[in-house]
Amino acid sequence: MRNIDIRSSIPRFSVLRCVLAAVVAAPVLAVGFIAAPVRAELVVDITRGFVEPLPIAVTDFAGNTAEEVRVGKDVAGVIAGDLERSGLFRPIEPGAFIQDPATLRIAPKFGDWRLINAQALITGAAQFQADGRLRVEFRLWDVYAESQMTGLAYFTTPSNWRRVAHIIADAIYKRLTGEDGYFDTRIVYIAESGPQNRRVKRLAIMDQDGANHRFLTDGGALVLTPRFSPTTQEITYLSYVSKVPRVYLFNLTTGQQEVLGDFPGMTFAPRFSPDGNKVIMSLARQGNTEIYEMDLRTRQITRLTNHPAIDTSPSYSPDGREIVFNSDRGGTQQLYVMSADGSNVHRITFSAGRYATPVWSPRGDLIAFTRIHAGEFYIGVMRPDGTGERMLTKGFLVEGPTWAPNGRVLAFYRQTPADERGKVSSKIYTIDLTGFNERELVTPVDGSDPAWSPLIP
């Protein structure tokens, strides 16, 4: 069961899986349709580098009234958009559809869909209930096996239709790839505007597809490096108040902000521990930059590193047992891994260039990083022991990788060099961990330092 209470943008929402005959009264329900056995399993292999997108037909969801038809069309559009942006699916243009919507409500004519090379078919319906709730159902069909693969119905408030569409896209993604989806998520980032010498930086948040964008701060104080809690809809970020670095906790459910403390020696914004009870950060005290851990319940601070070099940008492993960070203790800025108590420090990078902003994958199998070499920036990944290093993209300045919660996709920001007027541009991009399907995530203003949320509870 997933319970939701995100005010101002997402109504209360709870999800319950059961068979269709067991519908019961509740604020919101997700009801499963029993799928027939399939003759051949339709699966998208995403373990290879380049994947030819699977042709998939996403039909407008049916409705009995003009308003239901409009909502059904909007829901289908969001689902198709989510699947297309993943790079794994190619929604077929609706103009190519042969079967008419009226007969599709009864059953698919699989021969019509095979003629347009659709390998999977998504159908659905939207209907307003007598109590004011919106019911959205979908079915995923294997066209060649002529079988239903999965199906669910959701009951929610009408304003929640977009989130239902993301949840449906996640269900389809998981059914076809075997991995969890990442569409029911949000991205927080630094929204930048104004001239280069007087840059205004505000905290902003949006759905992973750029919808529902809103600013969280007014730009009165400089804000930097937001990070999501892995357990709650809460972020931590760094803000300069009267030129003094101050760390905040921002609860997205209530809108309340809490000051963790003023840290005059702060050199990097904190990250949460996997259980959400601690944050880790680097502080410069008496001219020495070390990594510290703060217990959010007691506010007690513990130093984890003890070295005259600069130790910074720490990130926990998903099991909380290890920490990756960068340090120049070996002469150049490289990546190191240590136990969560600060012991067993060992270097994992030895290539030319400098390494920065490491962040552990939610799956624990990879570490993403920024590498600077020969005048160019790279976003790359490697195994936690430093082997298997791969560069995913490069540019004049690419930085700040952040993982989608399924560990399959990364977001980062890309900055262009100054033009003849001295103007630069900073945009947010996403890329598959294989290095394919790089795409800009369009924002109202320039953006940097993205952070991807976990799946919304």
# chains A, B, ... in the order shown; residues from 1 in each chain; ligands from 1
call {"tool": "residues_around", "arguments": {"residues": "Ser351 in chain A", "least_positions_apart": "3", "cutoff": "12 Å", "atoms": "only C-alpha atoms", "output": "list in words"}}
result
Thr332, Gln333, Gln334, Leu335, Arg347, Ile348, Arg354, Tyr355, Arg371, Ile372, His373, Gly386, Thr387, Glu389 and Arg390 of chain A
call {"tool": "residues_around", "arguments": {"residues": "Val244 in chain A", "least_positions_apart": "3", "cutoff": "7 Å", "atoms": "only C-alpha atoms", "output": "list of chain:residue names"}}
result
A:Tyr240, A:Val241, A:Asp262, A:Pro264
call {"tool": "closest_residue", "arguments": {"among": "A:Asp218, A:Asp341, A:Asp328, A:Asp275", "to": "Leu304 in chain A", "atoms": "only C-alpha atoms"}}
result
A:Asp341
call {"tool": "residues_around", "arguments": {"residues": "Tyr292 in chain A", "least_positions_apart": "6", "cutoff": "12 Å", "atoms": "only C-alpha atoms", "output": "count of residues only"}}
result
34
call {"tool": "select_by_dssp", "arguments": {"residues": "range 91-225 of chain A", "states": "helix (DSSP H, G or I)", "output": "MDAnalysis selection string"}}
result
chainID A and resid 94:96 101:104 110:115 158:177 196:198
call {"tool": "select_by_dssp", "arguments": {"residues": "range 389-450 of chain A", "states": "strand (DSSP E or B)", "output": "JSON, numbers by chain"}}
result
{"A": [390, 391, 392, 393, 394, 395, 397, 398, 399, 400, 401, 402, 403, 409, 410, 411, 412, 413, 414, 415, 426, 427, 428, 429, 430, 431, 432, 439, 440, 441, 446, 447, 448, 449, 450]}
call {"tool": "atom_distance", "arguments": {"atom1": "CA of Ser229 in chain A", "atom2": "CA of Ser425 in chain A"}}
result
28.6 Å
call {"tool": "residues_around", "arguments": {"residues": "Phe396 in chain A", "least_positions_apart": "3", "cutoff": "12 Å", "atoms": "only C-alpha atoms", "output": "ChimeraX atom specification"}}
result
/A:371-379,393,399,413-418,424-426
call {"tool": "write_last_selection", "arguments": {"atoms": "N, CA and C atoms", "output": "CSV table (one decimal), in the first residue's frame"}}
result
chain,number,residue,atom,x,y,z
A,371,ARG,N,34.2,13.7,-14.0
A,371,ARG,CA,35.6,13.7,-14.2
A,371,ARG,C,36.1,14.8,-15.1
A,372,ILE,N,37.2,15.5,-14.7
A,372,ILE,CA,37.7,16.6,-15.5
A,372,ILE,C,39.1,16.2,-16.0
A,373,HIS,N,39.2,16.2,-17.3
A,373,HIS,CA,40.5,15.7,-17.9
A,373,HIS,C,40.7,16.4,-19.3
A,374,ALA,N,41.9,16.9,-19.5
A,374,ALA,CA,42.3,17.5,-20.7
A,374,ALA,C,41.3,18.6,-21.2
A,375,GLY,N,40.9,19.4,-20.2
A,375,GLY,CA,40.1,20.6,-20.5
A,375,GLY,C,38.6,20.3,-20.7
A,376,GLU,N,38.2,19.0,-20.5
A,376,GLU,CA,36.8,18.6,-20.7
A,376,GLU,C,36.2,18.0,-19.5
A,377,PHE,N,34.9,18.1,-19.3
A,377,PHE,CA,34.2,17.4,-18.2
A,377,PHE,C,33.5,16.2,-18.7
A,378,TYR,N,33.4,15.2,-17.9
A,378,TYR,CA,32.7,13.9,-18.3
A,378,TYR,C,31.8,13.5,-17.1
A,379,ILE,N,30.7,12.9,-17.5
A,379,ILE,CA,29.8,12.2,-16.5
A,379,ILE,C,30.1,10.7,-16.8
A,393,THR,N,28.9,10.8,-21.1
A,393,THR,CA,28.8,12.0,-21.9
A,393,THR,C,29.9,12.9,-21.5
A,399,GLU,N,28.1,18.3,-15.1
A,399,GLU,CA,28.4,18.0,-13.6
A,399,GLU,C,27.1,17.6,-12.9
A,413,TYR,N,23.5,18.3,-15.1
A,413,TYR,CA,23.4,19.6,-15.8
A,413,TYR,C,24.6,19.9,-16.7
A,414,ARG,N,24.3,20.6,-17.8
A,414,ARG,CA,25.2,20.9,-18.9
A,414,ARG,C,25.3,22.4,-19.1
A,415,GLN,N,26.5,23.0,-18.9
A,415,GLN,CA,26.6,24.4,-19.1
A,415,GLN,C,27.5,24.7,-20.4
A,416,THR,N,27.0,25.7,-21.1
A,416,THR,CA,27.7,26.1,-22.3
A,416,THR,C,28.8,27.1,-22.0
A,417,PRO,N,29.8,27.3,-22.9
A,417,PRO,CA,30.7,28.4,-22.7
A,417,PRO,C,30.1,29.7,-23.0
A,418,ALA,N,30.6,30.8,-22.5
A,418,ALA,CA,30.1,32.1,-22.7
A,418,ALA,C,30.1,32.5,-24.1
A,424,VAL,N,26.0,32.6,-20.6
A,424,VAL,CA,26.1,31.2,-20.6
A,424,VAL,C,24.8,30.6,-20.4
A,425,SER,N,24.6,29.3,-20.7
A,425,SER,CA,23.4,28.6,-20.6
A,425,SER,C,23.6,27.3,-19.8
A,426,SER,N,22.7,27.0,-18.8
A,426,SER,CA,22.8,25.8,-18.0
A,426,SER,C,21.5,25.1,-18.1
call {"tool": "residues_around", "arguments": {"residues": "Gln99 in chain A", "least_positions_apart": "2", "cutoff": "9 Å", "atoms": "only C-alpha atoms", "output": "PDB file with C-alpha atoms, in the first residue's frame"}}
result
ATOM      1  CA  PHE A  97      -4.444   2.935 -35.877  1.00  0.00           C
ATOM      2  CA  PRO A 101     -12.374   3.087 -30.659  1.00  0.00           C
ATOM      3  CA  ALA A 102     -15.933   1.714 -30.306  1.00  0.00           C
ATOM      4  CA  THR A 103     -14.964  -1.897 -31.035  1.00  0.00           C
ATOM      5  CA  LEU A 104     -11.727  -1.535 -29.065  1.00  0.00           C
ATOM      6  CA  PRO A 108      -8.710  -5.715 -29.418  1.00  0.00           C
ATOM      7  CA  LYS A 109      -8.595  -6.955 -32.990  1.00  0.00           C
ATOM      8  CA  ASP A 112      -5.257  -4.850 -36.962  1.00  0.00           C
ATOM      9  CA  TRP A 113      -2.478  -4.020 -34.497  1.00  0.00           C
TER      10      TRP A 113
END
call {"tool": "closest_residue", "arguments": {"among": "A:Phe128, A:Gly178, A:Asp209, A:Thr253", "to": "Arg70 in chain A", "atoms": "only C-alpha atoms"}}
result
A:Phe128
